[in-house]
file entry.txt (compact mmCIF, C-alpha atoms and all ligand atoms)
# COMPACT_ATOMS: atom_id res chain seq x y z
CA MET Z 1 -1.67 -26.96 -0.68
CA TYR Z 2 1.08 -24.42 -1.31
CA CYS Z 3 2.46 -22.88 -4.46
CA GLU Z 4 6.02 -24.13 -4.14
CA THR Z 5 7.83 -23.48 -7.38
CA ASP Z 6 8.48 -20.53 -9.67
CA GLU Z 7 7.08 -22.66 -12.53
CA ASP Z 8 3.67 -22.96 -10.82
CA LEU Z 9 3.50 -19.17 -10.51
CA CYS Z 10 4.86 -18.62 -14.00
CA GLU Z 11 1.91 -20.42 -15.54
CA LEU Z 12 -0.51 -18.11 -13.70
CA VAL Z 13 1.42 -14.99 -14.73
CA ASN Z 14 1.37 -16.11 -18.36
CA ARG Z 15 -2.41 -16.56 -18.21
CA ALA Z 16 -3.04 -13.26 -16.42
CA ARG Z 17 -0.68 -11.12 -18.51
CA LYS Z 18 -3.14 -10.67 -21.38
CA TYR Z 19 -5.37 -8.61 -19.08
CA THR Z 20 -2.71 -5.88 -18.99
CA GLU Z 21 -3.99 -4.90 -22.45
CA TYR Z 22 -7.38 -3.91 -21.10
CA GLY Z 23 -6.21 -1.37 -18.52
CA LYS Z 24 -4.26 1.88 -18.44
CA VAL Z 25 -1.08 3.05 -16.74
CA ALA Z 26 -1.76 5.97 -14.35
CA ASN Z 27 -0.47 9.26 -15.69
CA TYR Z 28 -2.04 11.88 -13.41
CA ILE Z 29 1.35 11.74 -11.71
CA PRO Z 30 3.34 12.31 -14.91
CA ALA Z 31 6.35 10.15 -13.95
CA LEU Z 32 4.13 7.08 -13.43
CA GLY Z 33 3.13 7.25 -17.09
CA ARG Z 34 6.57 5.88 -18.03
CA ALA Z 35 5.76 2.38 -16.71
CA GLU Z 36 5.53 -0.57 -19.14
CA GLN Z 37 1.87 -1.47 -19.54
CA SER Z 38 2.55 -5.18 -20.14
CA ASP Z 39 4.66 -5.71 -17.00
CA LEU Z 40 3.36 -8.25 -14.51
CA ALA Z 41 5.14 -9.84 -11.56
CA ILE Z 42 4.36 -11.72 -8.38
CA ALA Z 43 6.29 -12.99 -5.39
CA LEU Z 44 5.17 -15.15 -2.47
CA TYR Z 45 7.24 -15.06 0.69
CA TYR Z 46 6.80 -17.86 3.22
CA LYS Z 47 7.52 -17.71 6.92
CA ASP Z 48 10.45 -20.11 6.56
CA GLY Z 49 12.19 -17.66 4.21
CA HIS Z 50 11.28 -19.54 1.02
CA CYS Z 51 10.32 -17.14 -1.79
CA VAL Z 52 8.70 -18.11 -5.09
CA LYS Z 53 8.36 -15.59 -7.88
CA ALA Z 54 7.45 -15.12 -11.52
CA GLY Z 55 7.25 -12.43 -14.20
CA ASP Z 56 9.07 -9.09 -14.17
CA VAL Z 57 10.20 -9.50 -10.58
CA GLU Z 58 13.27 -7.30 -10.90
CA LYS Z 59 11.15 -4.25 -11.87
CA LYS Z 60 11.12 -1.48 -9.28
CA PHE Z 61 8.06 0.64 -8.68
CA THR Z 62 6.88 3.15 -6.12
CA LEU Z 63 4.68 2.29 -3.15
CA GLN Z 64 2.05 4.98 -3.75
CA SER Z 65 -0.97 4.03 -1.65
CA VAL Z 66 0.64 0.85 -0.36
CA SER Z 67 2.60 3.27 1.86
CA LYS Z 68 -0.64 4.09 3.70
CA VAL Z 69 -0.51 0.75 5.49
CA LEU Z 70 2.99 1.49 6.77
CA THR Z 71 2.42 5.09 7.81
CA LEU Z 72 -0.69 3.99 9.68
CA ALA Z 73 1.36 1.46 11.64
CA LEU Z 74 4.02 4.09 12.39
CA ALA Z 75 1.50 6.76 13.43
CA ILE Z 76 -0.23 4.35 15.83
CA MET Z 77 3.16 3.41 17.29
CA ASP Z 78 3.90 7.12 17.71
CA GLN Z 79 0.56 8.46 18.95
CA GLY Z 80 -1.42 5.47 20.18
CA GLU Z 81 -4.63 4.06 18.79
CA GLU Z 82 -6.95 6.49 20.54
CA GLU Z 83 -5.29 9.65 19.27
CA VAL Z 84 -5.03 8.38 15.67
CA PHE Z 85 -8.68 7.35 15.51
CA ARG Z 86 -9.78 10.60 17.07
CA LYS Z 87 -8.71 12.20 13.80
CA VAL Z 88 -9.44 9.50 11.23
CA GLY Z 89 -12.33 7.05 11.03
CA MET Z 90 -12.59 3.29 10.55
CA GLU Z 91 -15.32 3.04 7.94
CA PRO Z 92 -15.01 2.02 4.30
CA THR Z 93 -16.21 4.39 1.61
CA GLY Z 94 -17.72 3.77 -1.79
CA ASP Z 95 -15.96 6.90 -3.07
CA PRO Z 96 -12.73 7.06 -5.08
CA PHE Z 97 -9.44 7.33 -3.15
CA ASN Z 98 -8.96 11.05 -3.78
CA SER Z 99 -12.55 12.17 -3.21
CA ILE Z 100 -13.22 15.30 -1.20
CA ALA Z 101 -17.01 14.82 -1.09
CA LYS Z 102 -17.39 13.08 2.29
CA LEU Z 103 -15.18 15.55 4.14
CA GLU Z 104 -17.91 18.12 4.03
CA THR Z 105 -20.54 15.77 5.38
CA GLN Z 106 -18.37 14.47 8.23
CA ILE Z 107 -18.10 16.61 11.30
CA PRO Z 108 -15.50 17.91 11.98
CA ALA Z 109 -13.97 17.09 8.57
CA LYS Z 110 -12.82 13.71 9.86
CA PRO Z 111 -11.80 11.44 6.95
CA LEU Z 112 -13.64 8.13 6.83
CA ASN Z 113 -10.55 5.90 6.95
CA PRO Z 114 -6.74 5.97 6.67
CA MET Z 115 -6.64 4.22 3.28
CA ILE Z 116 -8.16 7.12 1.30
CA ASN Z 117 -5.99 10.13 0.56
CA ALA Z 118 -7.64 12.47 3.07
CA GLY Z 119 -7.18 9.92 5.86
CA ALA Z 120 -3.63 9.06 4.82
CA LEU Z 121 -2.66 12.74 4.85
CA VAL Z 122 -3.97 13.04 8.41
CA VAL Z 123 -2.00 9.93 9.37
CA THR Z 124 1.23 11.23 7.80
CA ASN Z 125 0.67 14.47 9.70
CA MET Z 126 0.89 12.43 12.94
CA ILE Z 127 4.31 10.83 12.31
CA GLU Z 128 6.83 12.00 14.90
CA GLY Z 129 10.06 13.75 13.94
CA ARG Z 130 11.68 17.19 14.10
CA SER Z 131 11.90 17.52 10.31
CA THR Z 132 10.53 15.98 7.12
CA HIS Z 133 13.90 14.27 6.75
CA GLU Z 134 13.66 12.68 10.19
CA LYS Z 135 10.05 11.57 9.69
CA LEU Z 136 10.85 10.03 6.31
CA GLY Z 137 13.94 8.41 7.80
CA ARG Z 138 11.83 6.75 10.50
CA LEU Z 139 9.42 5.40 7.87
CA LEU Z 140 12.33 4.11 5.77
CA THR Z 141 13.82 2.39 8.82
CA LEU Z 142 10.53 0.60 9.44
CA ILE Z 143 10.45 -0.48 5.78
CA HIS Z 144 14.10 -1.61 5.90
CA ASP Z 145 13.28 -3.72 8.96
CA LEU Z 146 10.15 -5.25 7.43
CA THR Z 147 11.86 -6.07 4.12
CA ASN Z 148 15.33 -6.81 5.49
CA ASN Z 149 16.48 -4.60 2.62
CA SER Z 150 18.34 -1.47 3.71
CA LYS Z 151 18.81 -0.29 0.11
CA ILE Z 152 15.20 0.82 -0.24
CA ASP Z 153 14.96 4.57 -0.85
CA VAL Z 154 12.84 7.27 -2.43
CA ASP Z 155 12.58 7.67 -6.22
CA HIS Z 156 13.14 11.41 -6.25
CA GLY Z 157 11.91 11.84 -9.82
CA VAL Z 158 8.51 10.35 -8.98
CA ALA Z 159 8.33 12.33 -5.72
CA LYS Z 160 9.02 15.60 -7.55
CA SER Z 161 6.55 14.77 -10.30
CA GLU Z 162 3.79 14.19 -7.75
CA TYR Z 163 4.77 17.19 -5.62
CA GLU Z 164 4.39 19.46 -8.64
CA THR Z 165 0.94 18.12 -9.54
CA ALA Z 166 -0.64 17.24 -6.16
CA HIS Z 167 -3.23 20.03 -6.23
CA LEU Z 168 -6.11 17.84 -5.18
CA ASN Z 169 -4.18 16.51 -2.19
CA ARG Z 170 -3.25 20.10 -1.29
CA SER Z 171 -6.90 21.07 -1.34
CA LEU Z 172 -7.79 18.14 0.96
CA CYS Z 173 -5.10 19.35 3.35
CA TYR Z 174 -6.20 22.98 3.35
CA TYR Z 175 -9.78 21.94 3.97
CA MET Z 176 -8.76 19.75 6.90
CA LYS Z 177 -6.37 22.37 8.24
CA GLN Z 178 -9.20 24.89 8.32
CA HIS Z 179 -11.10 22.41 10.52
CA GLY Z 180 -8.13 21.69 12.79
CA VAL Z 181 -7.71 18.06 11.69
CA ILE Z 182 -4.30 18.81 10.20
CA THR Z 183 -1.68 20.99 11.84
CA GLY Z 184 1.50 22.65 10.55
CA GLU Z 185 2.53 23.67 7.05
CA VAL Z 186 0.59 22.03 4.22
CA GLU Z 187 3.57 22.23 1.84
CA GLU Z 188 5.74 20.30 4.30
CA LEU Z 189 3.08 17.65 4.67
CA ILE Z 190 2.67 17.30 0.89
CA ASP Z 191 6.46 17.04 0.60
CA LEU Z 192 6.57 14.18 3.12
CA TYR Z 193 3.48 12.47 1.68
CA THR Z 194 4.76 12.56 -1.91
CA ARG Z 195 8.12 11.16 -0.76
CA GLN Z 196 6.48 8.35 1.22
CA CYS Z 197 4.44 7.47 -1.90
CA ALA Z 198 7.62 7.48 -4.01
CA ILE Z 199 9.52 4.89 -1.94
CA GLN Z 200 10.79 2.37 -4.44
CA VAL Z 201 10.42 -1.39 -3.98
CA THR Z 202 10.08 -4.68 -5.85
CA CYS Z 203 7.27 -7.20 -5.48
CA ILE Z 204 9.66 -9.33 -3.40
CA ASP Z 205 9.97 -6.48 -0.88
CA LEU Z 206 6.17 -6.22 -0.70
CA ALA Z 207 5.81 -9.96 -0.22
CA ARG Z 208 8.27 -9.89 2.66
CA ILE Z 209 6.39 -7.08 4.39
CA GLY Z 210 3.18 -9.07 3.90
CA MET Z 211 4.80 -12.12 5.44
CA VAL Z 212 5.79 -10.19 8.58
CA LEU Z 213 2.24 -8.81 8.87
CA ALA Z 214 0.86 -12.34 8.38
CA ASN Z 215 3.10 -13.39 11.26
CA LYS Z 216 1.53 -10.74 13.53
CA GLY Z 217 4.31 -8.19 13.16
CA ARG Z 218 7.20 -10.44 14.14
CA ASP Z 219 9.95 -11.21 11.61
CA PRO Z 220 10.12 -15.00 11.88
CA LEU Z 221 13.59 -15.09 10.34
CA SER Z 222 15.24 -12.84 12.94
CA ASN Z 223 12.56 -13.41 15.59
CA ARG Z 224 12.45 -9.64 16.05
CA LEU Z 225 9.14 -7.94 16.86
CA ILE Z 226 8.85 -5.12 14.31
CA LEU Z 227 5.23 -4.13 14.84
CA PRO Z 228 3.18 -4.79 17.97
CA GLU Z 229 0.63 -7.51 17.25
CA GLY Z 230 -2.36 -5.24 17.91
CA ILE Z 231 -1.12 -2.72 15.35
CA ALA Z 232 -0.49 -5.45 12.77
CA THR Z 233 -4.08 -6.59 13.35
CA ILE Z 234 -5.47 -3.09 12.81
CA VAL Z 235 -3.65 -2.57 9.52
CA LYS Z 236 -4.60 -6.04 8.24
CA THR Z 237 -8.24 -5.33 9.02
CA PHE Z 238 -8.14 -2.04 7.11
CA MET Z 239 -6.61 -3.93 4.19
CA VAL Z 240 -9.71 -6.18 4.13
CA THR Z 241 -12.28 -3.40 4.49
CA CYS Z 242 -10.63 -0.54 2.55
CA GLY Z 243 -7.43 -1.80 0.87
CA MET Z 244 -8.58 -2.11 -2.72
CA TYR Z 245 -10.25 1.31 -3.06
CA ASN Z 246 -13.96 1.15 -3.79
CA ALA Z 247 -13.55 -2.41 -5.07
CA SER Z 248 -12.65 -3.79 -1.62
CA GLY Z 249 -15.93 -5.69 -1.27
CA GLU Z 250 -15.64 -7.41 -4.63
CA PHE Z 251 -11.99 -8.23 -3.98
CA ALA Z 252 -12.87 -9.77 -0.60
CA ILE Z 253 -15.39 -12.02 -2.30
CA ARG Z 254 -13.34 -12.98 -5.36
CA VAL Z 255 -9.87 -13.19 -3.77
CA GLY Z 256 -10.43 -13.10 -0.02
CA ILE Z 257 -7.01 -11.98 1.17
CA PRO Z 258 -6.16 -8.77 3.04
CA ALA Z 259 -4.49 -6.52 0.44
CA LYS Z 260 -3.60 -2.92 -0.35
CA SER Z 261 -3.01 -1.55 -3.80
CA GLY Z 262 -1.41 1.60 -5.17
CA VAL Z 263 -1.73 3.53 -8.43
CA SER Z 264 1.77 2.47 -9.53
CA GLY Z 265 0.29 -1.05 -9.89
CA GLY Z 266 1.68 -2.54 -6.70
CA ILE Z 267 -0.40 -4.76 -4.44
CA ILE Z 268 0.67 -6.08 -1.06
CA GLY Z 269 -1.26 -9.03 0.31
CA LEU Z 270 -1.00 -11.66 2.99
CA VAL Z 271 -2.46 -14.96 4.08
CA PRO Z 272 -2.18 -15.49 7.83
CA PRO Z 273 -0.29 -17.04 9.42
CA ASN Z 274 2.56 -17.49 7.01
CA ILE Z 275 2.36 -16.12 3.45
CA GLY Z 276 3.17 -12.64 2.16
CA VAL Z 277 2.25 -11.65 -1.38
CA GLY Z 278 3.66 -8.90 -3.60
CA VAL Z 279 2.31 -8.06 -7.05
CA TYR Z 280 3.31 -5.51 -9.68
CA GLY Z 281 1.28 -4.72 -12.77
CA PRO Z 282 1.03 -1.02 -13.71
CA SER Z 283 -1.92 -1.40 -16.08
CA LEU Z 284 -4.89 -0.35 -13.92
CA ASN Z 285 -8.62 -0.95 -14.09
CA GLU Z 286 -11.16 1.85 -13.76
CA LYS Z 287 -11.02 1.70 -9.94
CA GLY Z 288 -7.24 2.15 -9.86
CA ASN Z 289 -6.25 -1.46 -9.08
CA SER Z 290 -3.77 -3.44 -11.16
CA ILE Z 291 -6.06 -5.09 -13.72
CA ALA Z 292 -3.92 -8.15 -14.36
CA GLY Z 293 -2.68 -8.20 -10.76
CA VAL Z 294 -6.21 -8.64 -9.46
CA LYS Z 295 -6.86 -11.42 -12.01
CA LEU Z 296 -3.63 -13.10 -11.01
CA LEU Z 297 -4.55 -12.99 -7.33
CA GLU Z 298 -7.98 -14.35 -8.14
CA MET Z 299 -6.44 -17.33 -9.97
CA LEU Z 300 -3.87 -17.87 -7.23
CA SER Z 301 -6.44 -17.73 -4.46
CA GLN Z 302 -8.74 -20.17 -6.22
CA ARG Z 303 -6.02 -22.64 -7.11
CA TYR Z 304 -4.42 -22.73 -3.66
CA GLN Z 305 -7.55 -21.94 -1.62
CA LEU Z 306 -6.07 -18.85 -0.02
CA SER Z 307 -9.27 -16.99 0.89
CA ILE Z 308 -9.26 -16.23 4.60
CA PHE Z 309 -13.04 -16.44 4.68
N1 LIG W 401 0.41 9.33 -4.36
C1 LIG W 401 -0.88 8.98 -4.85
C2 LIG W 401 -1.89 10.07 -4.63
O1 LIG W 401 -2.01 10.57 -3.56
C3 LIG W 401 -1.31 7.71 -4.22
C4 LIG W 401 -2.63 7.27 -4.73
C5 LIG W 401 -2.81 5.79 -4.73
O2 LIG W 401 -1.89 5.01 -4.93
O3 LIG W 401 -3.97 5.41 -4.54
O4 LIG W 401 -2.59 10.45 -5.53

call {"tool": "encode", "arguments": {"input": "entry.txt", "output": "structure tokens", "more": "lines below"}}
Ligand code: GLU
result
Amino acid sequence: MYCETDEDLCELVNRARKYTEYGKVANYIPALGRAEQSDLAIALYYKDGHCVKAGDVEKKFTLQSVSKVLTLALAIMDQGEEEVFRKVGMEPTGDPFNSIAKLETQIPAKPLNPMINAGALVVTNMIEGRSTHEKLGRLLTLIHDLTNNSKIDVDHGVAKSEYETAHLNRSLCYYMKQHGVITGEVEELIDLYTRQCAIQVTCIDLARIGMVLANKGRDPLSNRLILPEGIATIVKTFMVTCGMYNASGEFAIRVGIPAKSGVSGGIIGLVPPNIGVGVYGPSLNEKGNSIAGVKLLEMLSQRYQLSIF
């Protein structure tokens, strides 16, 4: 059974929206604090191009940690699986996304996985390009291809706001640079990382990316292979094991779809072989996931039996 109309989704959004009251908009990146706490939106993109949506779907927001899925795909395309996983692990962590604790117990400072900040910084450090501009351009091209939306760009205000306050991420980088896990200038890496996190999308864009991942990396509408199937499989698996911060286990049980969230309130999800999901709800729970977005996905998954398990 599929959710086929905007009205079906609208009813779920109306029920889930009240949960926005119980969370908080992230403000450790000052520019994110300007989001509307009560916003909630969802889009489902099907393989045949049909898209159903409800809520504040026109609202734009920044990818934040959702970008980690895309940089991982790009870094593996650039460096190969072996090289990437020589520097970053494959194991989930019960620690928060920005924790530094495990770096000191891992030898040699190898981050546990690419979905936490330390791991994502290592991954971004592996993207090919002669300059930050070129590296960011390559990431944007991948996103334009996945979304079929060439207008997607960086929100420079959010990027600057994070760049000016990213002291914890800088410290992760310096620690890893000392141990040879990161190479080059830390400031350049933070500049690229904060820009990748500030790429601005809508939940429809996220749903379309999810749909291409669900279809094993091939855009079914153009029949173009955007990501090799093996790489799509790796990123989808990380979404299951590490995508929802240290709530990934609970999310797998309650919702059961591969997903990745970000502190702006975005969530990308997918149901193989043919549904992509995009959610936006900036009010976050204590683990940093969209509080109403998670509820909404729980309701959606139960009603339409979307759990992959
Ligand atoms: N740019 C954010 C940071 O590094 C991303 C965090 C997130 O969305 O989890 O703090």

call {"tool": "residues_near_ligand", "arguments": {"input": "entry.txt", "ligand": "ligand LIG 401 (chain W)", "cutoff": "10 Å", "atoms": "all atoms listed in the file", "output": "number ranges by chain"}}
result
Z: 26, 28-29, 62-68, 96-98, 115-118, 120-121, 158-159, 162-163, 165-170, 190, 193-198, 243-245, 260-267, 287-289

call {"tool": "axis_aligned_box", "arguments": {"input": "entry.txt", "around": "region 245-258 of chain Z", "padding_each_side": "5 Å", "output": "AutoDock Vina command-line options"}}
result
--center_x -11.0 --center_y -5.9 --center_z -1.2 --size_x 19.8 --size_y 24.5 --size_z 18.4

call {"tool": "closest_residue", "arguments": {"input": "entry.txt", "among": "Z:Leu300, Z:Ala259, Z:Val235, Z:Ala292", "to": "Tyr19 (chain Z)", "atoms": "only C-alpha atoms"}}
result
Z:Ala292

call {"tool": "residues_around", "arguments": {"input": "entry.txt", "residues": "Lys151 (chain Z)", "least_positions_apart": "2", "cutoff": "10 Å", "atoms": "only C-alpha atoms", "output": "PyMOL selection string"}}
result
chain Z and resi 140+144+147-149+153-154+200-201

call {"tool": "residues_around", "arguments": {"input": "entry.txt", "residues": "region 207-223 of chain Z", "least_positions_apart": "5", "cutoff": "12 Å", "atoms": "only C-alpha atoms", "output": "PyMOL selection string"}}
result
chain Z and resi 41-53+57+66-67+69-70+73+142-149+201-202+228-237+239+257-260+266-280+308

call {"tool": "write_last_selection", "arguments": {"input": "entry.txt", "atoms": "C-alpha atoms", "output": "mmCIF file, in the frame of the given file"}}
result
data_model
loop_
_atom_site.group_PDB
_atom_site.id
_atom_site.type_symbol
_atom_site.label_atom_id
_atom_site.label_comp_id
_atom_site.auth_asym_id
_atom_site.auth_seq_id
_atom_site.Cartn_x
_atom_site.Cartn_y
_atom_site.Cartn_z
ATOM 1 C CA ALA Z 41 5.140 -9.840 -11.560
ATOM 2 C CA ILE Z 42 4.360 -11.720 -8.380
ATOM 3 C CA ALA Z 43 6.290 -12.990 -5.390
ATOM 4 C CA LEU Z 44 5.170 -15.150 -2.470
ATOM 5 C CA TYR Z 45 7.240 -15.060 0.690
ATOM 6 C CA TYR Z 46 6.800 -17.860 3.220
ATOM 7 C CA LYS Z 47 7.520 -17.710 6.920
ATOM 8 C CA ASP Z 48 10.450 -20.110 6.560
ATOM 9 C CA GLY Z 49 12.190 -17.660 4.210
ATOM 10 C CA HIS Z 50 11.280 -19.540 1.020
ATOM 11 C CA CYS Z 51 10.320 -17.140 -1.790
ATOM 12 C CA VAL Z 52 8.700 -18.110 -5.090
ATOM 13 C CA LYS Z 53 8.360 -15.590 -7.880
ATOM 14 C CA VAL Z 57 10.200 -9.500 -10.580
ATOM 15 C CA VAL Z 66 0.640 0.850 -0.360
ATOM 16 C CA SER Z 67 2.600 3.270 1.860
ATOM 17 C CA VAL Z 69 -0.510 0.750 5.490
ATOM 18 C CA LEU Z 70 2.990 1.490 6.770
ATOM 19 C CA ALA Z 73 1.360 1.460 11.640
ATOM 20 C CA LEU Z 142 10.530 0.600 9.440
ATOM 21 C CA ILE Z 143 10.450 -0.480 5.780
ATOM 22 C CA HIS Z 144 14.100 -1.610 5.900
ATOM 23 C CA ASP Z 145 13.280 -3.720 8.960
ATOM 24 C CA LEU Z 146 10.150 -5.250 7.430
ATOM 25 C CA THR Z 147 11.860 -6.070 4.120
ATOM 26 C CA ASN Z 148 15.330 -6.810 5.490
ATOM 27 C CA ASN Z 149 16.480 -4.600 2.620
ATOM 28 C CA VAL Z 201 10.420 -1.390 -3.980
ATOM 29 C CA THR Z 202 10.080 -4.680 -5.850
ATOM 30 C CA PRO Z 228 3.180 -4.790 17.970
ATOM 31 C CA GLU Z 229 0.630 -7.510 17.250
ATOM 32 C CA GLY Z 230 -2.360 -5.240 17.910
ATOM 33 C CA ILE Z 231 -1.120 -2.720 15.350
ATOM 34 C CA ALA Z 232 -0.490 -5.450 12.770
ATOM 35 C CA THR Z 233 -4.080 -6.590 13.350
ATOM 36 C CA ILE Z 234 -5.470 -3.090 12.810
ATOM 37 C CA VAL Z 235 -3.650 -2.570 9.520
ATOM 38 C CA LYS Z 236 -4.600 -6.040 8.240
ATOM 39 C CA THR Z 237 -8.240 -5.330 9.020
ATOM 40 C CA MET Z 239 -6.610 -3.930 4.190
ATOM 41 C CA ILE Z 257 -7.010 -11.980 1.170
ATOM 42 C CA PRO Z 258 -6.160 -8.770 3.040
ATOM 43 C CA ALA Z 259 -4.490 -6.520 0.440
ATOM 44 C CA LYS Z 260 -3.600 -2.920 -0.350
ATOM 45 C CA GLY Z 266 1.680 -2.540 -6.700
ATOM 46 C CA ILE Z 267 -0.400 -4.760 -4.440
ATOM 47 C CA ILE Z 268 0.670 -6.080 -1.060
ATOM 48 C CA GLY Z 269 -1.260 -9.030 0.310
ATOM 49 C CA LEU Z 270 -1.000 -11.660 2.990
ATOM 50 C CA VAL Z 271 -2.460 -14.960 4.080
ATOM 51 C CA PRO Z 272 -2.180 -15.490 7.830
ATOM 52 C CA PRO Z 273 -0.290 -17.040 9.420
ATOM 53 C CA ASN Z 274 2.560 -17.490 7.010
ATOM 54 C CA ILE Z 275 2.360 -16.120 3.450
ATOM 55 C CA GLY Z 276 3.170 -12.640 2.160
ATOM 56 C CA VAL Z 277 2.250 -11.650 -1.380
ATOM 57 C CA GLY Z 278 3.660 -8.900 -3.600
ATOM 58 C CA VAL Z 279 2.310 -8.060 -7.050
ATOM 59 C CA TYR Z 280 3.310 -5.510 -9.680
ATOM 60 C CA ILE Z 308 -9.260 -16.230 4.600
#

call {"tool": "closest_residue", "arguments": {"input": "entry.txt", "among": "Z:Cys3, Z:Leu296, Z:Ala75, Z:Val25", "to": "Ser283 (chain Z)", "atoms": "all atoms listed in the file"}}
result
Z:Val25

call {"tool": "closest_residue", "arguments": {"input": "entry.txt", "among": "Z:Gln178, Z:Gly33, Z:Cys10, Z:Glu185", "to": "Glu104 (chain Z)", "atoms": "all atoms listed in the file"}}
result
Z:Gln178

call {"tool": "closest_residue", "arguments": {"input": "entry.txt", "among": "Z:Pro282, Z:Gly80, Z:Pro92, Z:Gly157", "to": "Glu128 (chain Z)", "atoms": "all atoms listed in the file"}}
result
Z:Gly80

call {"tool": "residues_near_point", "arguments": {"input": "entry.txt", "point": "(-6.8, 19.3, 10.1)", "cutoff": "10 Å", "atoms": "all atoms listed in the file", "output": "number ranges by chain"}}
result
Z: 87, 108-111, 118, 121-122, 125, 172-184, 186

call {"tool": "closest_residue", "arguments": {"input": "entry.txt", "among": "Z:Ser150, Z:Asn14, Z:Thr5, Z:Ser38", "to": "Ser290 (chain Z)", "atoms": "all atoms listed in the file"}}
result
Z:Ser38

call {"tool": "atom_distance", "arguments": {"input": "entry.txt", "atom1": "CA of Leu136 (chain Z)", "atom2": "CA of Arg86 (chain Z)"}}
result
23.3 Å

call {"tool": "closest_residue", "arguments": {"input": "entry.txt", "among": "Z:Ser248, Z:Glu21, Z:Gln37, Z:Met126", "to": "Met77 (chain Z)", "atoms": "all atoms listed in the file"}}
result
Z:Met126

call {"tool": "residues_around", "arguments": {"input": "entry.txt", "residues": "Arg254 (chain Z)", "least_positions_apart": "4", "cutoff": "10 Å", "atoms": "all atoms listed in the file", "output": "list of chain:residue names"}}
result
Z:Ser248, Z:Gly249, Z:Glu250, Z:Val294, Z:Lys295, Z:Leu297, Z:Glu298, Z:Met299, Z:Ser301, Z:Gln302, Z:Ser307

call {"tool": "atom_distance", "arguments": {"input": "entry.txt", "atom1": "CA of Asn113 (chain Z)", "atom2": "CA of Ile199 (chain Z)"}}
result
22.0 Å

call {"tool": "atom_distance", "arguments": {"input": "entry.txt", "atom1": "CA of Gly55 (chain Z)", "atom2": "CA of Glu7 (chain Z)"}}
result
10.4 Å
